[in-house]
$ cat input.csv   # CSV, C-alpha atoms
chain,number,residue,atom,x,y,z
K,1,MET,CA,44.8,105.9,98.4
K,2,LEU,CA,43.5,107.2,95.1
K,3,GLY,CA,46.2,105.2,93.4
K,4,ASP,CA,44.7,102.1,94.9
K,5,PHE,CA,41.4,102.8,93.1
K,6,GLU,CA,43.3,103.1,89.8
K,7,ARG,CA,45.1,99.8,90.4
K,8,ALA,CA,41.8,98.1,91.3
K,9,ALA,CA,40.2,99.4,88.1
K,10,GLU,CA,43.1,98.1,86.0
K,11,ARG,CA,42.8,94.7,87.8
K,12,ASP,CA,39.1,94.5,87.1
K,13,GLY,CA,39.3,95.6,83.5
K,14,LEU,CA,37.6,99.0,84.1
K,15,VAL,CA,38.3,102.4,82.6
K,16,LEU,CA,37.1,105.0,85.0
K,17,ASP,CA,35.6,108.1,83.5
K,18,SER,CA,36.2,111.6,84.9
K,19,ALA,CA,33.1,111.5,87.1
K,20,GLN,CA,34.1,108.2,88.6
K,21,LEU,CA,37.6,109.4,89.2
K,22,ALA,CA,36.2,112.4,91.0
K,23,VAL,CA,34.2,110.1,93.3
K,24,ALA,CA,37.2,107.9,93.8
K,25,ALA,CA,39.1,110.9,95.0
K,26,ARG,CA,36.4,111.9,97.5
K,27,LEU,CA,36.2,108.3,98.8
K,28,ALA,CA,39.9,108.1,99.1
K,29,LYS,CA,39.8,111.2,101.4
K,30,LEU,CA,37.0,109.5,103.4
K,31,GLY,CA,39.2,106.4,103.9
K,32,GLN,CA,42.2,108.4,105.0
K,33,ALA,CA,40.0,110.3,107.5
K,34,VAL,CA,38.5,107.1,108.9
K,35,GLU,CA,42.0,105.6,109.4
K,36,ARG,CA,43.4,108.8,111.0
K,37,GLU,CA,40.8,108.5,113.8
K,38,GLY,CA,42.7,105.8,115.5
K,39,PRO,CA,41.1,103.1,117.8
K,40,ARG,CA,37.7,104.1,119.1
K,41,ARG,CA,37.4,104.4,122.9
K,42,TRP,CA,33.7,104.2,123.6
K,43,PHE,CA,34.2,105.1,127.3
K,44,ARG,CA,35.7,108.5,126.6
K,45,ARG,CA,33.5,111.4,127.3
K,46,SER,CA,35.2,113.6,124.8
K,47,ALA,CA,35.8,111.2,121.9
K,48,PRO,CA,37.1,112.9,118.7
K,49,GLU,CA,34.5,113.6,116.0
K,50,PRO,CA,34.1,110.7,113.6
K,51,ALA,CA,35.0,111.2,109.9
K,52,ARG,CA,32.2,112.8,108.0
K,53,GLY,CA,30.5,110.1,105.8
K,54,VAL,CA,29.3,110.1,102.2
K,55,TYR,CA,25.9,109.5,100.6
K,56,LEU,CA,26.8,108.5,97.0
K,57,TRP,CA,23.9,108.5,94.6
K,58,GLY,CA,23.4,108.3,90.8
K,59,SER,CA,21.8,106.3,88.0
K,60,VAL,CA,22.2,102.6,87.7
K,61,GLY,CA,25.4,100.9,86.5
K,62,ARG,CA,27.6,103.9,87.2
K,63,GLY,CA,29.9,102.0,89.5
K,64,LYS,CA,28.7,103.2,92.9
K,65,SER,CA,28.9,99.8,94.5
K,66,TRP,CA,32.3,99.0,92.9
K,67,LEU,CA,33.8,102.3,94.0
K,68,SER,CA,32.4,101.8,97.5
K,69,ASP,CA,33.5,98.2,97.7
K,70,THR,CA,37.0,99.2,96.7
K,71,LEU,CA,37.1,101.7,99.5
K,72,TYR,CA,35.7,99.2,102.0
K,73,ASP,CA,38.4,96.7,101.0
K,74,LEU,CA,41.1,99.3,101.6
K,75,VAL,CA,40.3,100.7,105.0
K,76,ARG,CA,41.8,99.0,108.0
K,77,VAL,CA,39.3,99.7,110.8
K,78,GLU,CA,36.4,97.9,112.4
K,79,LYS,CA,33.9,97.9,109.6
K,80,GLN,CA,30.7,96.3,108.2
K,81,ARG,CA,29.2,96.1,104.8
K,82,VAL,CA,25.4,95.5,104.6
K,83,HIS,CA,22.8,95.6,101.9
K,84,PHE,CA,19.5,97.3,102.5
K,85,HIS,CA,17.5,94.0,102.5
K,86,GLU,CA,20.0,92.2,104.7
K,87,PHE,CA,20.1,95.0,107.2
K,88,PHE,CA,16.4,94.9,107.6
K,89,ARG,CA,16.5,91.1,108.1
K,90,GLN,CA,19.1,91.6,110.9
K,91,PHE,CA,17.5,94.7,112.3
K,92,HIS,CA,14.0,93.2,112.6
K,93,ALA,CA,15.4,90.2,114.4
K,94,ALA,CA,17.5,92.3,116.8
K,95,TYR,CA,14.6,94.7,117.4
K,96,ALA,CA,12.3,91.8,118.3
K,97,ARG,CA,14.8,90.7,120.9
K,98,HIS,CA,14.9,94.1,122.6
K,99,ARG,CA,11.4,95.4,122.0
K,100,GLN,CA,10.4,95.1,125.6
K,101,ARG,CA,13.3,97.2,126.8
K,102,PRO,CA,13.4,101.0,126.9
K,103,GLY,CA,15.5,102.2,123.9
K,104,ALA,CA,14.9,99.0,121.9
K,105,VAL,CA,16.1,100.6,118.7
K,106,GLU,CA,19.3,101.8,120.3
K,107,HIS,CA,20.0,98.3,121.8
K,108,ALA,CA,19.3,96.7,118.4
K,109,VAL,CA,21.7,99.1,116.6
K,110,ALA,CA,24.4,98.4,119.3
K,111,GLU,CA,23.9,94.7,118.9
K,112,LEU,CA,24.3,94.8,115.2
K,113,LEU,CA,27.2,97.3,115.0
K,114,GLY,CA,29.3,96.2,118.0
K,115,GLU,CA,32.6,98.0,117.7
K,116,CYS,CA,32.0,99.0,114.0
K,117,ARG,CA,33.5,102.4,113.1
K,118,PHE,CA,32.8,102.4,109.4
K,119,LEU,CA,29.5,101.1,107.9
K,120,PHE,CA,29.0,100.7,104.2
K,121,PHE,CA,25.2,100.6,103.5
K,122,ASP,CA,24.7,99.5,99.9
K,123,GLU,CA,21.5,100.2,97.9
K,124,PHE,CA,19.9,102.6,100.3
K,125,HIS,CA,16.3,103.0,99.2
K,126,VAL,CA,13.1,103.4,101.1
K,127,HIS,CA,9.6,102.7,99.6
K,128,ASP,CA,7.8,101.2,102.5
K,129,ALA,CA,6.4,103.5,105.2
K,130,GLY,CA,6.8,101.0,108.0
K,131,ASP,CA,10.4,100.4,107.1
K,132,ALA,CA,11.0,104.1,106.8
K,133,MET,CA,10.1,104.8,110.4
K,134,LEU,CA,12.4,102.1,111.7
K,135,MET,CA,15.1,103.2,109.2
K,136,GLY,CA,14.9,106.7,110.5
K,137,ARG,CA,15.4,105.6,114.1
K,138,ALA,CA,18.2,103.2,113.2
K,139,VAL,CA,20.1,105.9,111.2
K,140,SER,CA,19.8,108.3,114.1
K,141,GLY,CA,21.1,105.6,116.4
K,142,LEU,CA,24.2,104.9,114.4
K,143,PHE,CA,25.1,108.6,114.1
K,144,GLU,CA,24.7,108.9,117.8
K,145,ARG,CA,27.2,106.1,118.2
K,146,GLY,CA,29.7,108.1,116.1
K,147,THR,CA,29.7,105.5,113.2
K,148,THR,CA,30.9,106.8,109.9
K,149,LEU,CA,28.5,105.9,107.2
K,150,LEU,CA,29.0,105.4,103.5
K,151,ALA,CA,25.7,104.8,101.7
K,152,THR,CA,24.9,104.2,98.0
K,153,SER,CA,21.6,104.9,96.4
K,154,ASN,CA,19.9,105.5,93.1
K,155,TYR,CA,18.1,108.5,94.6
K,156,PRO,CA,19.2,111.7,96.4
K,157,PRO,CA,17.9,111.8,100.0
K,158,SER,CA,15.1,114.2,99.0
K,159,ARG,CA,13.6,111.5,96.8
K,160,LEU,CA,13.6,108.7,99.3
K,161,LEU,CA,10.1,107.3,100.2
K,162,PRO,CA,8.7,109.1,97.2
K,163,ASN,CA,5.0,108.2,97.9
K,164,PRO,CA,3.5,111.7,98.5
K,165,VAL,CA,1.2,110.2,101.2
K,166,PHE,CA,4.1,109.2,103.4
K,167,HIS,CA,7.0,111.4,102.2
K,168,GLU,CA,6.4,114.2,104.7
K,169,MET,CA,6.9,111.9,107.7
K,170,PHE,CA,10.3,110.9,106.4
K,171,GLN,CA,11.5,114.4,106.1
K,172,PRO,CA,13.3,114.4,109.5
K,173,THR,CA,15.4,111.5,108.4
K,174,ILE,CA,16.1,113.1,105.1
K,175,ALA,CA,17.2,116.3,106.9
K,176,LEU,CA,19.4,114.2,109.2
K,177,LEU,CA,21.1,112.5,106.2
K,178,GLU,CA,21.7,115.8,104.5
K,179,ARG,CA,23.1,117.3,107.7
K,180,SER,CA,25.3,114.4,108.6
K,181,LEU,CA,26.7,113.3,105.3
K,182,ASP,CA,28.3,114.8,102.2
K,183,ILE,CA,25.8,114.2,99.4
K,184,VAL,CA,27.8,113.2,96.3
K,185,GLU,CA,26.2,112.6,92.9
K,186,ILE,CA,27.9,110.6,90.3
K,187,PRO,CA,26.7,112.1,87.1
K,188,ALA,CA,24.8,110.1,84.5
K,189,GLY,CA,26.8,108.2,82.0
K,190,PRO,CA,27.3,104.8,80.5
K,191,ASP,CA,26.0,101.8,82.4
K,192,TYR,CA,29.2,99.9,83.0
K,193,ARG,CA,27.2,96.6,83.3
K,194,THR,CA,25.9,97.0,79.7
K,195,SER,CA,28.5,99.2,77.9
K,196,GLY,CA,31.2,96.6,77.6
K,197,THR,CA,33.8,98.7,79.5
K,198,ALA,CA,34.1,96.1,82.2
K,199,SER,CA,35.5,92.6,81.9
K,200,ARG,CA,33.0,90.0,82.7
K,201,ARG,CA,33.7,88.1,85.9
K,202,ARG,CA,32.5,84.7,84.9
K,203,SER,CA,31.4,83.4,88.3
K,204,GLY,CA,28.4,83.8,90.5
K,205,PHE,CA,25.6,86.0,89.4
K,206,SER,CA,27.4,87.4,86.3
K,207,ALA,CA,28.0,83.9,85.0
K,208,GLY,CA,24.3,83.3,84.8
K,209,ARG,CA,22.1,83.1,81.8
K,210,TYR,CA,18.7,84.4,80.5
K,211,LEU,CA,17.1,81.7,78.3
K,212,ARG,CA,14.0,81.9,76.1
K,213,PRO,CA,12.0,78.9,74.7
K,214,GLY,CA,14.1,76.9,72.4
K,215,ALA,CA,17.5,78.1,73.6
K,216,PRO,CA,20.0,75.5,72.6
K,217,SER,CA,21.4,75.0,76.1
K,218,ALA,CA,18.1,75.0,77.9
K,219,PRO,CA,18.1,72.4,80.7
K,220,VAL,CA,15.8,69.4,80.9
K,221,PRO,CA,12.6,70.4,82.8
K,222,PRO,CA,12.2,68.8,86.2
K,223,ALA,CA,10.3,65.5,86.4
K,224,PRO,CA,7.2,65.5,88.5
K,225,GLY,CA,8.9,63.3,91.1
K,226,GLU,CA,11.6,66.0,91.7
K,227,GLU,CA,9.1,68.5,93.1
K,228,GLN,CA,9.4,69.2,96.8
K,229,ALA,CA,8.5,71.7,99.5
K,230,VAL,CA,11.4,73.9,100.6
K,231,PRO,CA,11.2,75.3,104.2
K,232,VAL,CA,11.4,79.1,104.4
K,233,GLY,CA,10.6,81.1,107.6
K,234,SER,CA,7.6,79.6,109.2
K,235,GLY,CA,6.3,78.2,106.0
K,236,GLN,CA,7.3,76.5,102.7
K,237,VAL,CA,7.7,77.2,99.1
K,238,ARG,CA,7.3,74.7,96.2
K,239,ALA,CA,10.5,73.9,94.4
K,240,LEU,CA,10.3,72.1,91.0
K,241,ALA,CA,13.6,70.4,91.8
K,242,VAL,CA,16.5,70.5,94.2
K,243,ARG,CA,19.7,69.1,92.8
K,244,ASP,CA,22.5,69.3,95.3
K,245,ASP,CA,23.3,73.0,95.6
K,246,LEU,CA,20.9,74.0,92.8
K,247,VAL,CA,17.2,74.8,93.4
K,248,TRP,CA,14.6,75.3,90.6
K,249,PHE,CA,11.6,77.5,91.2
K,250,ASP,CA,8.7,78.7,89.1
K,251,PHE,CA,8.1,82.5,89.0
K,252,ALA,CA,4.6,82.1,90.3
K,253,ASP,CA,5.7,80.3,93.4
K,254,LEU,CA,8.3,82.9,94.2
K,255,CYS,CA,6.5,86.1,93.3
K,256,ASP,CA,2.7,85.6,92.8
K,257,ARG,CA,2.3,84.7,96.4
K,258,PRO,CA,3.2,86.8,99.5
K,259,ARG,CA,6.9,86.4,99.9
K,260,SER,CA,9.1,88.7,101.9
K,261,THR,CA,12.6,89.7,101.0
K,262,ILE,CA,13.7,87.9,104.2
K,263,ASP,CA,12.3,84.7,102.5
K,264,TYR,CA,14.5,85.3,99.5
K,265,LEU,CA,17.6,86.0,101.6
K,266,THR,CA,17.0,82.7,103.5
K,267,LEU,CA,16.6,80.7,100.3
K,268,ALA,CA,19.7,82.4,98.7
K,269,ASP,CA,21.8,81.5,101.7
K,270,ALA,CA,20.7,77.8,101.4
K,271,HIS,CA,21.1,77.4,97.6
K,272,PRO,CA,24.0,79.1,95.7
K,273,ARG,CA,22.6,78.2,92.3
K,274,TRP,CA,19.1,78.9,91.0
K,275,VAL,CA,16.9,78.3,88.0
K,276,VAL,CA,13.7,80.5,87.9
K,277,SER,CA,11.4,79.6,85.0
K,278,GLY,CA,8.0,80.9,83.8
K,279,LEU,CA,9.0,84.5,83.9
K,280,PRO,CA,6.2,86.6,82.2
K,281,ARG,CA,6.2,90.1,81.1
K,282,LEU,CA,6.1,92.0,84.4
K,283,THR,CA,3.2,94.2,83.2
K,284,GLU,CA,1.2,90.9,83.1
K,285,ALA,CA,2.3,89.8,86.5
K,286,GLY,CA,0.9,92.7,88.4
K,287,PRO,CA,2.6,95.4,90.5
K,288,ASP,CA,3.0,93.2,93.7
K,289,ALA,CA,4.6,90.3,91.8
K,290,ALA,CA,6.8,92.7,89.8
K,291,GLN,CA,8.1,94.3,93.0
K,292,ARG,CA,8.8,91.0,94.6
K,293,PHE,CA,10.7,90.0,91.4
K,294,ALA,CA,12.8,93.2,91.7
K,295,ASN,CA,13.5,92.4,95.3
K,296,LEU,CA,14.5,88.9,94.4
K,297,VAL,CA,17.0,90.1,91.7
K,298,ASP,CA,18.5,92.5,94.3
K,299,VAL,CA,19.0,89.6,96.7
K,300,LEU,CA,20.4,87.1,94.2
K,301,CYS,CA,22.8,89.7,92.7
K,302,ASP,CA,24.0,90.9,96.1
K,303,ARG,CA,24.5,87.3,97.3
K,304,ASP,CA,26.3,86.5,94.0
K,305,VAL,CA,24.0,83.5,93.3
K,306,HIS,CA,24.4,81.8,90.0
K,307,LEU,CA,21.0,82.4,88.2
K,308,THR,CA,19.5,80.8,85.1
K,309,LEU,CA,16.4,82.8,84.3
K,310,MET,CA,13.9,81.5,81.8
K,311,GLY,CA,11.3,83.8,80.2
K,312,ARG,CA,8.9,83.9,77.2
K,313,SER,CA,10.0,87.3,75.9
K,314,THR,CA,13.2,89.2,75.6
K,315,LEU,CA,14.5,90.9,78.7
K,316,ALA,CA,13.7,94.3,77.2
K,317,GLU,CA,10.1,93.3,76.6
K,318,THR,CA,9.8,91.6,80.0
K,319,LEU,CA,11.0,94.7,81.9
K,320,SER,CA,9.1,97.3,79.8
K,321,GLY,CA,5.7,98.9,80.4
K,322,ASN,CA,3.7,101.1,82.7
K,323,GLY,CA,3.2,100.6,86.4
K,324,LEU,CA,6.5,98.7,87.1
K,325,PRO,CA,8.5,99.1,90.3
K,326,PRO,CA,10.4,102.4,90.7
K,327,ASP,CA,13.7,100.5,90.8
K,328,ILE,CA,13.1,98.6,87.6
K,329,ASN,CA,16.1,100.3,85.9
K,330,ARG,CA,18.3,98.8,88.6
K,331,THR,CA,16.7,95.4,88.0
K,332,ALA,CA,17.3,95.7,84.2
K,333,SER,CA,20.9,96.8,84.8
K,334,ARG,CA,21.6,93.8,87.0
K,335,LEU,CA,19.9,91.3,84.7
K,336,ALA,CA,22.0,92.7,81.8
K,337,LEU,CA,24.9,90.9,83.4
K,338,LEU,CA,23.4,87.6,82.4
K,339,THR,CA,24.3,86.0,79.1
K,340,GLN,CA,21.2,86.2,76.9
K,341,GLU,CA,20.7,83.2,74.7
K,342,PRO,CA,18.1,83.7,71.9
K,343,ALA,CA,15.2,81.4,71.2
K,344,THR,CA,15.5,79.0,68.2
K,345,PRO,CA,12.8,77.7,66.0
K,346,ARG,CA,13.6,74.1,67.1
K,347,ALA,CA,10.4,72.7,68.6
K,348,ALA,CA,10.3,71.0,71.9
K,349,GLU,CA,10.4,67.2,71.8
K,350,THR,CA,8.9,66.7,75.2
K,351,ARG,CA,7.0,68.9,77.5
K,352,THR,CA,6.2,68.3,81.2
K,353,GLY,CA,3.6,70.1,83.4
K,354,ALA,CA,4.2,73.8,83.6
K,355,TRP,CA,6.8,73.6,80.9
K,356,ALA,CA,4.3,73.0,78.1
K,357,GLU,CA,3.3,76.7,78.3
K,358,ALA,CA,6.9,77.9,78.2
K,359,ASP,CA,7.8,75.6,75.3
K,360,VAL,CA,11.0,74.5,76.9
K,361,PRO,CA,12.9,71.9,74.9
K,362,VAL,CA,14.6,68.7,76.1
K,363,ALA,CA,18.3,69.2,76.2
K,364,THR,CA,21.3,67.5,77.7
K,365,PRO,CA,20.3,66.4,81.3
K,366,LEU,CA,21.7,68.4,84.1
K,367,PRO,CA,24.5,66.7,86.1
K,368,ARG,CA,23.7,66.1,89.7
K,369,GLY,CA,25.7,69.2,90.7
K,370,GLY,CA,23.4,71.4,88.6
K,371,LEU,CA,24.2,73.8,85.8
K,372,GLU,CA,27.7,74.4,84.6
K,373,ALA,CA,29.1,77.8,85.6

$ encode --input "input.csv" --output "structure tokens"
Amino acid sequence: MLGDFERAAERDGLVLDSAQLAVAARLAKLGQAVEREGPRRWFRRSAPEPARGVYLWGSVGRGKSWLSDTLYDLVRVEKQRVHFHEFFRQFHAAYARHRQRPGAVEHAVAELLGECRFLFFDEFHVHDAGDAMLMGRAVSGLFERGTTLLATSNYPPSRLLPNPVFHEMFQPTIALLERSLDIVEIPAGPDYRTSGTASRRRSGFSAGRYLRPGAPSAPVPPAPGEEQAVPVGSGQVRALAVRDDLVWFDFADLCDRPRSTIDYLTLADAHPRWVVSGLPRLTEAGPDAAQRFANLVDVLCDRDVHLTLMGRSTLAETLSGNGLPPDINRTASRLALLTQEPATPRAAETRTGAWAEADVPVATPLPRGGLEA
């Protein structure tokens, strides 16, 4: 199975370093162990022990998700891949359906996993104390079901829920992870998203752009008549325009107001192409808005949404400063996938509404299908 990783790397234009090859070898062993188990028989009283899972952690852009996705594609068993944010959307809904029953968490886990034997849990991170308690119970439930877990994270288990006020209460879950999984670190090295060692897949999120005022290809600002309210959850969010499969938002509408990650997931499922304009330096936006923006980028990248992001400063300036979210390095690594078009001295010919502040120029009108990929 290790050879399959090497062929996948060649296909994707990657050159795996020695640390990545070592992780690939460990994951290949995991895949072989999962497939050797044979079909799961839930009614057996003495079912064989499931394959021991892996908790893979390391700095951003080191290929954790790529390596794990490659394994996930290779194994031929009942399996699920779920991102942290998506899991909590599904889990909260399932828990609500069972909350009046004894063992509500266990029923929710059973509903979500079904016959799943191999679960790939991408971007495992815990910053919210309320989520942490549910997460602990959910992880315990999936281990009790004999599910083999592969998790990726930017943190070792010991650094999950780092807030010292709440960290102690998450210690039992940390101990459970360390007891139940092999903790594998991929050592620091080049960020493959920014080092140029990977070929650019020119579709979805990685085909997006980061534009500054005066960028030659900046799209025409929406006209006032294009504004509409887009339903999300039990409320609405203002969109500056909706053009077929493209939706155009202002940063303030998405991040300055209370928006949950579930809201972003719902919007991403409904609109495969986005424009987000009015992005300030995150230190000026405030900690809550900055964290919502980080969550938004997580969702759009994981959902492979085509994103055109428009800000006043360079990305480096936008994402620098004190008091930013703990995962800002991951946000920066993901946004580095976008093609960055510099500003030009060309003045705007026409400004409309919110665009006057951003100094966005008039350019070739967008086709009804939205931006070109």

$ atom_distance --input "input.csv" --atom1 "CA of His107 (chain K)" --atom2 "CA of Leu30 (chain K)"
27.4 Å

$ residues_around --input "input.csv" --residues "Val126 (chain K)" --least-positions-apart "2" --cutoff "10 Å" --atoms "all atoms listed in the file" --output "list in words"
Phe84, Glu123, Phe124, Asp128, Ala129, Gly130, Asp131, Ala132, Met133, Met135, Ser153, Tyr155, Pro157, Arg159, Leu160, Leu161, Pro162, Asn163 and Phe170 of chain K

$ write_last_selection --input "input.csv" --atoms "C-alpha atoms" --output "short mmCIF file (atom, residue, chain, number, x, y, z; two decimals), keeping the file's coordinate frame"
data_model
loop_
_atom_site.label_atom_id
_atom_site.label_comp_id
_atom_site.auth_asym_id
_atom_site.auth_seq_id
_atom_site.Cartn_x
_atom_site.Cartn_y
_atom_site.Cartn_z
CA PHE K 84 19.50 97.30 102.50
CA GLU K 123 21.50 100.20 97.90
CA PHE K 124 19.90 102.60 100.30
CA ASP K 128 7.80 101.20 102.50
CA ALA K 129 6.40 103.50 105.20
CA GLY K 130 6.80 101.00 108.00
CA ASP K 131 10.40 100.40 107.10
CA ALA K 132 11.00 104.10 106.80
CA MET K 133 10.10 104.80 110.40
CA MET K 135 15.10 103.20 109.20
CA SER K 153 21.60 104.90 96.40
CA TYR K 155 18.10 108.50 94.60
CA PRO K 157 17.90 111.80 100.00
CA ARG K 159 13.60 111.50 96.80
CA LEU K 160 13.60 108.70 99.30
CA LEU K 161 10.10 107.30 100.20
CA PRO K 162 8.70 109.10 97.20
CA ASN K 163 5.00 108.20 97.90
CA PHE K 170 10.30 110.90 106.40
#

$ atom_distance --input "input.csv" --atom1 "CA of Leu307 (chain K)" --atom2 "CA of Arg259 (chain K)"
18.8 Å

$ closest_residue --input "input.csv" --among "K:Val305, K:Ala289, K:Ala241, K:Ala108" --to "Ala268 (chain K)" --atoms "all atoms listed in the file"
K:Val305

$ residues_around --input "input.csv" --residues "Phe205 (chain K)" --least-positions-apart "3" --cutoff "9 Å" --atoms "all atoms listed in the file" --output "PyMOL selection string"
chain K and resi 202+208-209+273+300-307+337-338

$ closest_residue --input "input.csv" --among "K:Gln236, K:Gln20, K:Ser68, K:Ser59" --to "Thr266 (chain K)" --atoms "only C-alpha atoms"
K:Gln236

$ atom_distance --input "input.csv" --atom1 "CA of Arg145 (chain K)" --atom2 "CA of Pro102 (chain K)"
17.1 Å

$ residues_near_point --input "input.csv" --point "(15.3, 75.8, 98.6)" --cutoff "6 Å" --atoms "all atoms listed in the file" --output "JSON list (two decimals) with C-alpha atoms, in the frame of the given file"
[["chain", "number", "residue", "atom", "x", "y", "z"],
["K", 230, "VAL", "CA", 11.40, 73.90, 100.60],
["K", 247, "VAL", "CA", 17.20, 74.80, 93.40],
["K", 267, "LEU", "CA", 16.60, 80.70, 100.30]]

$ closest_atom_pairs --input "input.csv" --of "region 145-259 of chain K" --to "region 281-285 of chain K" --cutoff "12 Å" --atoms "all atoms listed in the file" --output "CSV"
residue,atom,partner,partner_atom,distance
K:Phe251,CA,K:Ala285,CA,9.7
K:Ala252,CA,K:Ala285,CA,8.9
K:Leu254,CA,K:Ala285,CA,12.0
K:Cys255,CA,K:Ala285,CA,8.8
K:Asp256,CA,K:Ala285,CA,7.6
K:Arg257,CA,K:Ala285,CA,11.1

$ closest_residue --input "input.csv" --among "K:Gly53, K:Gly321, K:Gly204, K:Pro342" --to "Ala290 (chain K)" --atoms "all atoms listed in the file"
K:Gly321

$ decode --input "input.csv" --residues "region 94-141 of chain K" --atoms "C-alpha atoms" --output "short mmCIF file (atom, residue, chain, number, x, y, z; two decimals), in the first residue's frame"
data_model
loop_
_atom_site.label_atom_id
_atom_site.label_comp_id
_atom_site.auth_asym_id
_atom_site.auth_seq_id
_atom_site.Cartn_x
_atom_site.Cartn_y
_atom_site.Cartn_z
CA ALA K 94 -28.64 14.01 15.90
CA TYR K 95 -28.22 14.73 19.60
CA ALA K 96 -31.29 16.99 19.53
CA ARG K 97 -33.33 14.14 18.05
CA HIS K 98 -32.30 11.77 20.86
CA ARG K 99 -31.80 14.09 23.82
CA GLN K 100 -34.91 12.83 25.63
CA ARG K 101 -33.68 9.24 25.52
CA PRO K 102 -31.26 7.63 27.96
CA GLY K 103 -27.84 7.43 26.34
CA ALA K 104 -28.62 10.25 23.90
CA VAL K 105 -24.97 10.69 22.90
CA GLU K 106 -24.58 6.99 22.14
CA HIS K 107 -27.76 7.00 20.04
CA ALA K 108 -26.53 10.08 18.16
CA VAL K 109 -23.15 8.46 17.44
CA ALA K 110 -24.84 5.26 16.28
CA GLU K 111 -27.12 7.24 13.96
CA LEU K 112 -24.21 9.13 12.42
CA LEU K 113 -21.80 6.20 12.06
CA GLY K 114 -24.13 3.37 11.11
CA GLU K 115 -21.93 0.49 9.97
CA CYS K 116 -18.84 2.70 9.70
CA ARG K 117 -15.63 0.85 10.62
CA PHE K 118 -13.11 3.51 9.63
CA LEU K 119 -13.64 7.19 10.48
CA PHE K 120 -11.36 9.92 9.16
CA PHE K 121 -11.83 12.99 11.34
CA ASP K 122 -10.05 15.91 9.64
CA GLU K 123 -8.87 19.08 11.44
CA PHE K 124 -9.48 17.89 15.00
CA HIS K 125 -9.34 20.99 17.17
CA VAL K 126 -11.21 22.04 20.27
CA HIS K 127 -11.38 25.63 21.49
CA ASP K 128 -14.92 25.84 22.83
CA ALA K 129 -15.65 24.37 26.28
CA GLY K 130 -19.22 23.39 25.38
CA ASP K 131 -18.09 21.57 22.24
CA ALA K 132 -15.33 19.92 24.24
CA MET K 133 -17.73 18.14 26.57
CA LEU K 134 -19.85 16.80 23.73
CA MET K 135 -16.73 15.90 21.77
CA GLY K 136 -15.38 13.90 24.68
CA ARG K 137 -18.58 11.89 24.97
CA ALA K 138 -18.78 11.36 21.21
CA VAL K 139 -15.17 10.13 20.99
CA SER K 140 -15.78 7.75 23.86
CA GLY K 141 -18.88 6.47 22.08
#
